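For reference, the structure is listed below as structure tokens.
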Amino acid sequence: MLTTNEKQQFIADGVIGPFKLYEPEIAKEILRNIRKSNLNRHKMVFDNDVNYDRHLDIEALAKHIGQKGIIDRLTGILGENVLCWRTEFFPKFPGNKGTEWHQVRTYQYANGTPMLEATKGEDSDIMDLTVWTAFTDTTIETACMRFIPGTHKAKYYDEAKIIDRKEGEYSPVISETGFYGYDFEEFKVDPNWLPEEQQHISMEMKAGEFVIFTARCVHASHPNISDRSTRFAISSRYVPTHVKVYPNIDNFYAHGSSFNLNEYGCVLVSGKDDYHHNRMRDKDQNGNVFAELFTGNK
């Protein structure tokens, strides 16, 4: 679990880690399993290029989101009752550009509609945590993540800005901005604020390590300037159960793909859900009970 000092550091910085979750050999074995399972896309809830929510059909990812080493630390920040609401793949191939600096709270940037809505607390409260797990060694050369500590305490990017979002005009894979077709420069509160000039950290990690951060902490990644090394990581996103996920939305368009929520559901990874205002899944697409998969992690 997070120590008192670690929790205080997170409160100050908005990011904490890295922490060891898997031995490097185990991480590489899981990665081989994910890559093999990724070839079978028949049970995907969303057929999309950014690999949203493959924990709903890939068993290795279903187990990963409920790992005790992750959940015990998350509950120290979010409280006992926690949902996993999204996972994503983040490969960076040799020659790929870095992901640009950005800051997110409600994920409204994608199509102008908030995807998360807190039902209690203050706007400054932590509503969403991301666990970014490296399944390959990640260095500055191979596109490790970057953070500007403390930026979660102020709004540097405004997701509610009216941006001309036109479906089908970009590829989420081949992007001029490094952020899947979105240009976060358009969301800046102060166009003259230069994140590159702020004091930032580069989060180099070994395979099997993870970092926890709130997406309100301004973050980015380096480009992959290596000759042959692909960086592969899984981003899993969590909220306390009081948060509404995709409120009043049945489908949405983002990152070059359309998403129908008919088969989608959040997964309870800790505690209980007394709110009952979200779509939920207790089983994956293969019929595995999530709670039983998580028990195997312990």
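Ordering of the structure tokens sets the chain letters (A, B, ...), residue numbers begin anew at 1 in every chain, and ligands are numbered from 1 in the order given.
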
### Message
DSSP on the backbone: which residues in stretch 37-198 of chain A end up as helix (DSSP H, G or I)? Give the answer as a ChimeraX atom specification.
### Response
/A:37-38,54-56,59-64,68-78,108-110,151-153,184-187,195-197

### Message
Need the shell around A:Ile201: protein/DNA/RNA residues with any atom at most 7 Å away, counting only C-alpha atoms. Skip same-chain ones fewer than 3 positions apart. Format as a ChimeraX atom specification?
### Response
/A:146-148

With C-alpha atoms retained, write the just-selected residues as a PDB file, in the first residue's frame.
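Output (again15.pdb):
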ATOM      1  CA  ARG A 146       7.024  12.639 -19.095  1.00  0.00           C
ATOM      2  CA  PHE A 147       5.252  14.587 -16.341  1.00  0.00           C
ATOM      3  CA  ILE A 148       5.161  18.145 -15.049  1.00  0.00           C
TER       4      ILE A 148
END

Excluding same-chain residues fewer than 2 positions from A:Asp190, what lies within 12 Å of it counting only C-alpha atoms, as a PDB file with C-alpha atoms, in the first residue's frame?
ATOM      1  CA  ALA A 154      -4.459  24.217 -12.084  1.00  0.00           C
ATOM      2  CA  LYS A 155      -6.168  24.184 -15.480  1.00  0.00           C
ATOM      3  CA  TYR A 156      -3.643  24.522 -18.289  1.00  0.00           C
ATOM      4  CA  TYR A 157      -5.871  22.939 -20.955  1.00  0.00           C
ATOM      5  CA  ASP A 158      -9.625  23.498 -21.211  1.00  0.00           C
ATOM      6  CA  PHE A 184      -3.885  19.913 -27.640  1.00  0.00           C
ATOM      7  CA  GLU A 185      -2.409  23.295 -28.451  1.00  0.00           C
ATOM      8  CA  GLU A 186      -5.999  24.246 -29.323  1.00  0.00           C
ATOM      9  CA  PHE A 187      -7.121  23.525 -25.759  1.00  0.00           C
ATOM     10  CA  LYS A 188      -4.535  25.703 -24.007  1.00  0.00           C
ATOM     11  CA  ASN A 192       1.761  31.480 -24.444  1.00  0.00           C
ATOM     12  CA  TRP A 193       2.276  28.847 -21.732  1.00  0.00           C
ATOM     13  CA  LEU A 194       5.105  26.533 -22.833  1.00  0.00           C
ATOM     14  CA  PRO A 195       5.112  23.152 -21.073  1.00  0.00           C
TER      15      PRO A 195
END

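Minimum atom-to-atom distance to A:Asn251, evaluated using only C-alpha atoms, belongs to A:Met115 out of A:Leu83, A:Met115, A:Asp227, A:Phe232.
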
### Task
Could you pull out the residues in stretch 59-250 of chain A that DSSP calls strand (DSSP E) from the backbone, as a PyMOL selection string?
chain A and resi 82-89+116-117+129-134+145-147+201-203+209-213+219-221+233-240+244-245

### Task
Tell me which of A:Asn40, A:Asn286, A:Ser235, A:Asn51 sits closest to A:Cys84, counting only C-alpha atoms.
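That would be A:Ser235, the residue with the smallest distance to A:Cys84.
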
### Message
When you count only C-alpha atoms, which of these residues is closest to A:His64: A:Ile77, A:Ile225, A:Leu261, A:Val131?
### Response
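Checking each candidate against A:His64, we get A:Val131 as the closest.
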
#### Entry: Spatial neighbours of stretch 93-107 of chain A, max dist 6 Å, only C-alpha atoms, sep filter under 6 positions, as a PyMOL selection string
chain A and resi 114-116+157+178-179+215-216+218-228+230

### Task
Just give me the gap between atom CA of A:Asn81 and atom CA of A:Tyr238 in Å, one decimal is fine.
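Taking atom CA of A:Asn81 as the start and atom CA of A:Tyr238 as the end point, the length is 10.3 Å.
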
### Task
May I ask for the distance between atom CA of A:Arg237 and atom CA of A:Arg86, given in Å to one decimal place?
5.2 Å

### Query
What gap, in Å, lies between atom CA of A:Glu29 and atom CA of A:Ile65?
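Atom CA of A:Glu29 sits 16.4 Å away from atom CA of A:Ile65.
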
### Query
Do you know which residues are at most 9 Å from A:Asp284 counting only C-alpha atoms, after dropping those on the same chain fewer than 4 positions away, and could you put them as a list in words?
His55, Leu56, Asp57, Ile58, Glu59, Ala62, Asn288, Val289 and Phe290 of chain A

Need the shell around A:Lys153: protein/DNA/RNA residues with any atom at most 10 Å away, counting only C-alpha atoms. Skip same-chain ones fewer than 6 positions apart. Format as a PDB file with N, CA and C atoms, in the first residue's frame?
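File result03.pdb, as written:
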ATOM      1  N   ILE A  11      -0.128  13.702  -3.636  1.00  0.00           N
ATOM      2  CA  ILE A  11      -0.967  14.891  -3.465  1.00  0.00           C
ATOM      3  C   ILE A  11      -0.247  16.129  -3.992  1.00  0.00           C
ATOM      4  N   ALA A  12       1.072  16.189  -3.774  1.00  0.00           N
ATOM      5  CA  ALA A  12       1.846  17.349  -4.218  1.00  0.00           C
ATOM      6  C   ALA A  12       2.113  17.328  -5.717  1.00  0.00           C
ATOM      7  N   ASP A  13       2.405  16.143  -6.271  1.00  0.00           N
ATOM      8  CA  ASP A  13       2.884  16.037  -7.647  1.00  0.00           C
ATOM      9  C   ASP A  13       1.825  15.594  -8.648  1.00  0.00           C
ATOM     10  N   GLY A  14       0.841  14.801  -8.201  1.00  0.00           N
ATOM     11  CA  GLY A  14      -0.135  14.237  -9.123  1.00  0.00           C
ATOM     12  C   GLY A  14       0.351  12.993  -9.829  1.00  0.00           C
ATOM     13  N   SER A 124     -11.728  20.038  -7.353  1.00  0.00           N
ATOM     14  CA  SER A 124     -10.295  19.804  -7.160  1.00  0.00           C
ATOM     15  C   SER A 124      -9.989  18.383  -6.703  1.00  0.00           C
ATOM     16  N   ASP A 125     -11.012  17.609  -6.337  1.00  0.00           N
ATOM     17  CA  ASP A 125     -10.792  16.237  -5.872  1.00  0.00           C
ATOM     18  C   ASP A 125     -10.296  15.347  -7.016  1.00  0.00           C
ATOM     19  N   ARG A 216      -5.024  14.815 -14.827  1.00  0.00           N
ATOM     20  CA  ARG A 216      -4.960  16.270 -14.683  1.00  0.00           C
ATOM     21  C   ARG A 216      -3.520  16.757 -14.553  1.00  0.00           C
ATOM     22  N   CYS A 217      -2.606  15.851 -14.250  1.00  0.00           N
ATOM     23  CA  CYS A 217      -1.188  16.203 -14.240  1.00  0.00           C
ATOM     24  C   CYS A 217      -0.721  16.242 -15.693  1.00  0.00           C
TER      25      CYS A 217
END

Exercise: A:Ile249 partners within 12 Å, only C-alpha atoms, chain neighbours under 4 positions left out, as a PDB file with N, CA and C atoms, in the first residue's frame:
ATOM      1  N   ASN A 111     -14.878  14.481 -28.029  1.00  0.00           N
ATOM      2  CA  ASN A 111     -15.993  14.828 -28.916  1.00  0.00           C
ATOM      3  C   ASN A 111     -16.882  15.933 -28.359  1.00  0.00           C
ATOM      4  N   GLY A 112     -16.408  16.616 -27.318  1.00  0.00           N
ATOM      5  CA  GLY A 112     -17.170  17.722 -26.765  1.00  0.00           C
ATOM      6  C   GLY A 112     -18.139  17.349 -25.667  1.00  0.00           C
ATOM      7  N   THR A 113     -18.267  16.037 -25.380  1.00  0.00           N
ATOM      8  CA  THR A 113     -19.187  15.550 -24.350  1.00  0.00           C
ATOM      9  C   THR A 113     -18.395  14.929 -23.209  1.00  0.00           C
ATOM     10  N   PRO A 114     -18.632  15.346 -21.962  1.00  0.00           N
ATOM     11  CA  PRO A 114     -17.911  14.728 -20.833  1.00  0.00           C
ATOM     12  C   PRO A 114     -18.166  13.229 -20.751  1.00  0.00           C
ATOM     13  N   MET A 115     -17.114  12.463 -20.568  1.00  0.00           N
ATOM     14  CA  MET A 115     -17.232  11.014 -20.417  1.00  0.00           C
ATOM     15  C   MET A 115     -17.208  10.583 -18.954  1.00  0.00           C
ATOM     16  N   LEU A 116     -16.797  11.487 -18.073  1.00  0.00           N
ATOM     17  CA  LEU A 116     -16.818  11.233 -16.634  1.00  0.00           C
ATOM     18  C   LEU A 116     -17.514  12.406 -15.951  1.00  0.00           C
ATOM     19  N   GLU A 117     -18.290  12.081 -14.916  1.00  0.00           N
ATOM     20  CA  GLU A 117     -18.996  13.125 -14.162  1.00  0.00           C
ATOM     21  C   GLU A 117     -19.030  12.733 -12.686  1.00  0.00           C
ATOM     22  N   LYS A 244     -19.986   8.982 -12.547  1.00  0.00           N
ATOM     23  CA  LYS A 244     -20.763   8.477 -13.678  1.00  0.00           C
ATOM     24  C   LYS A 244     -19.850   8.359 -14.892  1.00  0.00           C
ATOM     25  N   VAL A 245     -19.887   7.208 -15.541  1.00  0.00           N
ATOM     26  CA  VAL A 245     -19.064   6.936 -16.714  1.00  0.00           C
ATOM     27  C   VAL A 245     -19.953   6.943 -17.956  1.00  0.00           C
ATOM     28  N   TYR A 253     -18.017   9.115 -30.787  1.00  0.00           N
ATOM     29  CA  TYR A 253     -16.985   9.073 -31.815  1.00  0.00           C
ATOM     30  C   TYR A 253     -15.733   9.728 -31.248  1.00  0.00           C
ATOM     31  N   PHE A 259     -17.852   4.251 -31.233  1.00  0.00           N
ATOM     32  CA  PHE A 259     -17.959   3.344 -30.097  1.00  0.00           C
ATOM     33  C   PHE A 259     -19.417   3.227 -29.679  1.00  0.00           C
ATOM     34  N   ASN A 260     -19.969   2.015 -29.804  1.00  0.00           N
ATOM     35  CA  ASN A 260     -21.323   1.723 -29.360  1.00  0.00           C
ATOM     36  C   ASN A 260     -21.236   1.046 -27.995  1.00  0.00           C
ATOM     37  N   LEU A 261     -21.991   1.555 -27.015  1.00  0.00           N
ATOM     38  CA  LEU A 261     -21.846   1.117 -25.634  1.00  0.00           C
ATOM     39  C   LEU A 261     -22.778  -0.023 -25.241  1.00  0.00           C
ATOM     40  N   ASN A 262     -23.398  -0.678 -26.211  1.00  0.00           N
ATOM     41  CA  ASN A 262     -24.357  -1.735 -25.897  1.00  0.00           C
ATOM     42  C   ASN A 262     -23.752  -2.863 -25.059  1.00  0.00           C
ATOM     43  N   TYR A 264     -20.691  -2.577 -23.515  1.00  0.00           N
ATOM     44  CA  TYR A 264     -19.699  -2.024 -22.599  1.00  0.00           C
ATOM     45  C   TYR A 264     -20.184  -2.089 -21.154  1.00  0.00           C
ATOM     46  N   ASN A 278     -24.052   3.204 -13.308  1.00  0.00           N
ATOM     47  CA  ASN A 278     -23.200   2.919 -14.463  1.00  0.00           C
ATOM     48  C   ASN A 278     -23.520   1.567 -15.081  1.00  0.00           C
ATOM     49  N   ARG A 279     -23.281   1.452 -16.363  1.00  0.00           N
ATOM     50  CA  ARG A 279     -23.285   0.142 -16.999  1.00  0.00           C
ATOM     51  C   ARG A 279     -22.177  -0.679 -16.350  1.00  0.00           C
TER      52      ARG A 279
END
